[in-house]
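See below for coords16.pdb, which holds PDB, C-alpha atoms, pLDDT in the B column.
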```pdb
ATOM      1  CA  MET V 141     208.201  22.951-248.308  1.00 72.00           C
ATOM      2  CA  SER V 142     205.289  20.684-249.241  1.00 82.00           C
ATOM      3  CA  ALA V 143     204.860  17.156-247.962  1.00 82.00           C
ATOM      4  CA  PRO V 144     206.251  14.390-250.163  1.00 91.00           C
ATOM      5  CA  LEU V 145     203.739  12.503-252.280  1.00 93.00           C
ATOM      6  CA  TYR V 146     204.143   9.304-250.262  1.00 94.00           C
ATOM      7  CA  GLN V 147     203.164  11.199-247.097  1.00 93.00           C
ATOM      8  CA  LEU V 148     200.085  12.610-248.807  1.00 92.00           C
ATOM      9  CA  LYS V 149     199.156   9.105-249.976  1.00 93.00           C
ATOM     10  CA  ALA V 150     199.604   7.749-246.444  1.00 93.00           C
ATOM     11  CA  ASP V 151     197.353  10.495-245.083  1.00 93.00           C
ATOM     12  CA  PHE V 152     194.769   9.697-247.755  1.00 94.00           C
ATOM     13  CA  PHE V 153     194.745   6.007-246.829  1.00 94.00           C
ATOM     14  CA  LYS V 154     194.505   6.907-243.128  1.00 95.00           C
ATOM     15  CA  THR V 155     191.330   8.801-244.005  1.00 95.00           C
ATOM     16  CA  LEU V 156     189.978   5.620-245.575  1.00 95.00           C
ATOM     17  CA  GLY V 157     191.113   3.568-242.574  1.00 95.00           C
ATOM     18  CA  HIS V 158     187.816   3.486-240.698  1.00 96.00           C
ATOM     19  CA  PRO V 159     185.017   0.969-241.336  1.00 96.00           C
ATOM     20  CA  VAL V 160     182.251   3.574-241.066  1.00 97.00           C
ATOM     21  CA  ARG V 161     183.931   5.833-243.610  1.00 97.00           C
ATOM     22  CA  ILE V 162     184.360   2.901-245.996  1.00 97.00           C
ATOM     23  CA  ARG V 163     180.691   1.959-245.575  1.00 97.00           C
ATOM     24  CA  VAL V 164     179.595   5.551-246.201  1.00 98.00           C
ATOM     25  CA  LEU V 165     181.710   5.719-249.360  1.00 98.00           C
ATOM     26  CA  GLU V 166     180.237   2.404-250.534  1.00 97.00           C
ATOM     27  CA  LEU V 167     176.720   3.779-250.041  1.00 98.00           C
ATOM     28  CA  LEU V 168     177.601   6.984-251.851  1.00 98.00           C
ATOM     29  CA  SER V 169     179.124   4.950-254.680  1.00 97.00           C
ATOM     30  CA  GLN V 170     175.585   3.811-255.467  1.00 97.00           C
ATOM     31  CA  ARG V 171     173.934   7.242-255.327  1.00 97.00           C
ATOM     32  CA  GLU V 172     173.552  10.437-253.349  1.00 98.00           C
ATOM     33  CA  HIS V 173     172.216   9.867-249.813  1.00 98.00           C
ATOM     34  CA  ALA V 174     170.679  11.987-247.093  1.00 97.00           C
ATOM     35  CA  VAL V 175     172.174  11.551-243.633  1.00 95.00           C
ATOM     36  CA  ALA V 176     168.930  10.006-242.370  1.00 95.00           C
ATOM     37  CA  GLU V 177     169.125   7.368-245.131  1.00 96.00           C
ATOM     38  CA  MET V 178     172.652   6.403-244.138  1.00 97.00           C
ATOM     39  CA  LEU V 179     172.011   6.009-240.411  1.00 96.00           C
ATOM     40  CA  PRO V 180     170.291   2.598-240.536  1.00 96.00           C
ATOM     41  CA  GLU V 181     172.847   1.364-243.076  1.00 95.00           C
ATOM     42  CA  VAL V 182     175.892   2.194-240.936  1.00 96.00           C
ATOM     43  CA  GLY V 183     174.320   1.377-237.576  1.00 94.00           C
ATOM     44  CA  ILE V 184     175.823   4.184-235.508  1.00 96.00           C
ATOM     45  CA  GLU V 185     174.528   7.254-233.725  1.00 96.00           C
ATOM     46  CA  ALA V 186     173.874  10.406-235.732  1.00 94.00           C
ATOM     47  CA  ALA V 187     176.612  12.354-233.918  1.00 96.00           C
ATOM     48  CA  HIS V 188     179.217   9.715-234.770  1.00 97.00           C
ATOM     49  CA  LEU V 189     178.102   9.598-238.411  1.00 97.00           C
ATOM     50  CA  SER V 190     178.373  13.379-238.537  1.00 96.00           C
ATOM     51  CA  GLN V 191     181.970  13.185-237.318  1.00 97.00           C
ATOM     52  CA  GLN V 192     182.862  10.596-239.949  1.00 97.00           C
ATOM     53  CA  LEU V 193     181.197  12.612-242.705  1.00 98.00           C
ATOM     54  CA  ALA V 194     183.179  15.677-241.585  1.00 97.00           C
ATOM     55  CA  VAL V 195     186.415  13.706-241.986  1.00 97.00           C
ATOM     56  CA  LEU V 196     185.387  12.726-245.519  1.00 98.00           C
ATOM     57  CA  ARG V 197     184.422  16.326-246.332  1.00 97.00           C
ATOM     58  CA  ARG V 198     187.784  17.672-245.093  1.00 96.00           C
ATOM     59  CA  ALA V 199     189.521  15.109-247.306  1.00 96.00           C
ATOM     60  CA  ASN V 200     187.409  16.317-250.268  1.00 96.00           C
ATOM     61  CA  LEU V 201     186.010  12.849-250.847  1.00 97.00           C
ATOM     62  CA  VAL V 202     182.388  13.941-250.409  1.00 98.00           C
ATOM     63  CA  VAL V 203     180.398  17.115-250.943  1.00 98.00           C
ATOM     64  CA  THR V 204     177.032  18.218-249.667  1.00 97.00           C
ATOM     65  CA  ARG V 205     173.958  19.968-250.900  1.00 97.00           C
ATOM     66  CA  LYS V 206     171.042  21.128-248.837  1.00 96.00           C
ATOM     67  CA  GLU V 207     167.408  20.802-249.814  1.00 96.00           C
ATOM     68  CA  GLY V 208     165.201  22.351-247.151  1.00 96.00           C
ATOM     69  CA  SER V 209     166.444  20.951-243.865  1.00 94.00           C
ATOM     70  CA  THR V 210     167.853  17.789-245.479  1.00 95.00           C
ATOM     71  CA  VAL V 211     171.568  17.506-246.207  1.00 95.00           C
ATOM     72  CA  TYR V 212     172.547  15.198-249.057  1.00 97.00           C
ATOM     73  CA  TYR V 213     176.021  13.754-249.578  1.00 98.00           C
ATOM     74  CA  ARG V 214     177.656  12.542-252.758  1.00 98.00           C
ATOM     75  CA  LEU V 215     181.131  11.524-253.879  1.00 98.00           C
ATOM     76  CA  THR V 216     183.337  14.233-255.329  1.00 97.00           C
ATOM     77  CA  SER V 217     184.595  11.858-257.998  1.00 96.00           C
ATOM     78  CA  PRO V 218     183.553   8.508-259.499  1.00 96.00           C
ATOM     79  CA  GLN V 219     187.183   7.483-259.019  1.00 97.00           C
ATOM     80  CA  VAL V 220     186.462   7.022-255.312  1.00 96.00           C
ATOM     81  CA  ALA V 221     183.983   4.276-256.238  1.00 96.00           C
ATOM     82  CA  GLU V 222     186.582   2.797-258.595  1.00 97.00           C
ATOM     83  CA  LEU V 223     189.127   2.756-255.757  1.00 96.00           C
ATOM     84  CA  LEU V 224     186.700   0.802-253.573  1.00 96.00           C
ATOM     85  CA  THR V 225     186.131  -1.680-256.411  1.00 95.00           C
ATOM     86  CA  VAL V 226     189.877  -2.160-256.859  1.00 96.00           C
ATOM     87  CA  ALA V 227     190.287  -2.659-253.095  1.00 94.00           C
ATOM     88  CA  ARG V 228     187.553  -5.321-253.163  1.00 92.00           C
ATOM     89  CA  THR V 229     189.316  -7.090-256.052  1.00 93.00           C
ATOM     90  CA  ILE V 230     192.653  -7.061-254.217  1.00 93.00           C
ATOM     91  CA  LEU V 231     191.036  -8.305-251.003  1.00 92.00           C
ATOM     92  CA  SER V 232     189.256 -11.085-252.883  1.00 90.00           C
ATOM     93  CA  GLY V 233     192.588 -12.227-254.292  1.00 90.00           C
ATOM     94  CA  VAL V 234     194.231 -12.173-250.877  1.00 89.00           C
ATOM     95  CA  LEU V 235     191.393 -14.157-249.311  1.00 89.00           C
ATOM     96  CA  ALA V 236     191.420 -16.649-252.176  1.00 87.00           C
ATOM     97  CA  GLY V 237     195.131 -17.154-251.605  1.00 86.00           C
ATOM     98  CA  GLN V 238     194.512 -17.742-247.900  1.00 89.00           C
ATOM     99  CA  ALA V 239     191.754 -20.241-248.690  1.00 87.00           C
ATOM    100  CA  GLU V 240     194.152 -22.139-250.960  1.00 87.00           C
ATOM    101  CA  LEU V 241     196.763 -22.186-248.201  1.00 85.00           C
ATOM    102  CA  LEU V 242     194.192 -23.519-245.735  1.00 84.00           C
ATOM    103  CA  GLU V 243     193.202 -26.266-248.162  1.00 88.00           C
ATOM    104  CA  ASP V 244     196.891 -27.190-248.598  1.00 87.00           C
ATOM    105  CA  LEU V 245     197.278 -27.370-244.824  1.00 88.00           C
ATOM    106  CA  ARG V 246     194.197 -29.577-244.525  1.00 88.00           C
ATOM    107  CA  ALA V 247     195.459 -31.861-247.287  1.00 89.00           C
ATOM    108  CA  THR V 248     198.730 -32.439-245.457  1.00 90.00           C
ATOM    109  CA  ASN V 249     197.047 -32.755-242.026  1.00 83.00           C
ATOM    110  CA  PRO V 250     193.561 -34.255-242.271  1.00 73.00           C
ATOM    111  CA  THR V 251     192.967 -33.799-238.528  1.00 74.00           C
ATOM    112  CA  LEU V 252     193.107 -30.016-238.932  1.00 64.00           C
ATOM    113  CA  THR V 253     189.680 -28.517-238.249  1.00 60.00           C
ATOM    114  CA  THR V 254     188.300 -25.032-238.772  1.00 57.00           C
ATOM    115  CA  SER V 255     187.109 -24.679-235.179  1.00 58.00           C
ATOM    116  CA  PRO V 256     188.804 -25.458-231.886  1.00 59.00           C
ATOM    117  CA  PRO V 257     187.648 -28.597-230.108  1.00 56.00           C
ATOM    118  CA  GLY V 258     184.698 -27.961-227.838  1.00 57.00           C
ATOM    119  CA  PRO V 259     184.063 -29.371-224.381  1.00 63.00           C
ATOM    120  CA  SER V 260     183.260 -33.078-224.312  1.00 52.00           C
TER     121      SER V 260
END
```
Let me see the structure of the file written as structure tokens.
Amino acid sequence: MSAPLYQLKADFFKTLGHPVRIRVLELLSQREHAVAEMLPEVGIEAAHLSQQLAVLRRANLVVTRKEGSTVYYRLTSPQVAELLTVARTILSGVLAGQAELLEDLRATNPTLTTSPPGPS
């Protein structure tokens, strides 16, 4: 018996649930990248990047091609880039709502500050 669709969706979102994997997908949304090009952009060791790329490959979100000794990665579908754009839009709306709430709180309590009081 196959897994229910909601379980497959949960597994998919778990795959996306790592900041390095999100950053890699954002980079690949722009264009194909070699591993060496991604390293300075993600700021992690090569071995760790390799592990994260393997997770994305197993999930069929990225594919590779080899040119000489260089391995290039690209998205399997432009819909992955669209998903990241939609996520950014949703997050922007959530943060805007939080900013409005903060402004409401400040309006009702003018002594409310954005940082805790420091030592005097």
How many Å separate atom CA of V:Ser217 from atom CA of V:Val175?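 So the answer is 19.0 Å.
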Padded axis-aligned box of stretch 229-239 of chain V (6 Å per side), centre and edge lengths, Å, one decimal, as JSON:
```
{"center_x": 192.2, "center_y": -13.7, "center_z": -252.0, "size_x": 17.9, "size_y": 25.2, "size_z": 20.2}
```
Contacts of stretch 225-231 of chain V at 10 Å (all atoms listed in the file; same-chain gap of 5+ positions) as number ranges by chain: V: 166, 169, 219-220, 236-237
Could you jot down the atom CA of V:Val211 to atom CA of V:Ala174 separation for me, Å, one decimal place?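 Distance reported for this atom pair: 5.7 Å.
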Work out how far apart atom CA of V:Arg246 and atom CA of V:Gly233 are and give it in Å to one decimal.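 Calculated distance between atom CA of V:Arg246 and atom CA of V:Gly233 is 20.0 Å.
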Taking the file as shown, find all residues satisfying the PyMOL selection byres ((chain V and resi 172) around 12) and write them as a PyMOL selection string. chain V and resi 164-171+173-178+202-206+211-216+218
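Using all atoms listed in the file, the residues found no farther than 10 Å from stretch 150-153 of chain V, other than those of its own chain fewer than 4 positions away, are V:Leu145, V:Tyr146, V:Gly157, V:His158, V:Ala199, V:Leu201.
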Skip V:Val182 itself and residues of its chain fewer than 2 positions away, then list as a VMD selection string all residues within 7 Å of it, counting all atoms listed in the file. chain V and resid 160 163 178 to 180 184
Among listed residues V:Ile162, V:Leu245, V:His188, V:Ser142, nearest V:Ala221 (using only C-alpha atoms):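 Checking each of V:Ile162, V:Leu245, V:His188, V:Ser142 against V:Ala221, counting only C-alpha atoms, the winner is V:Ile162.
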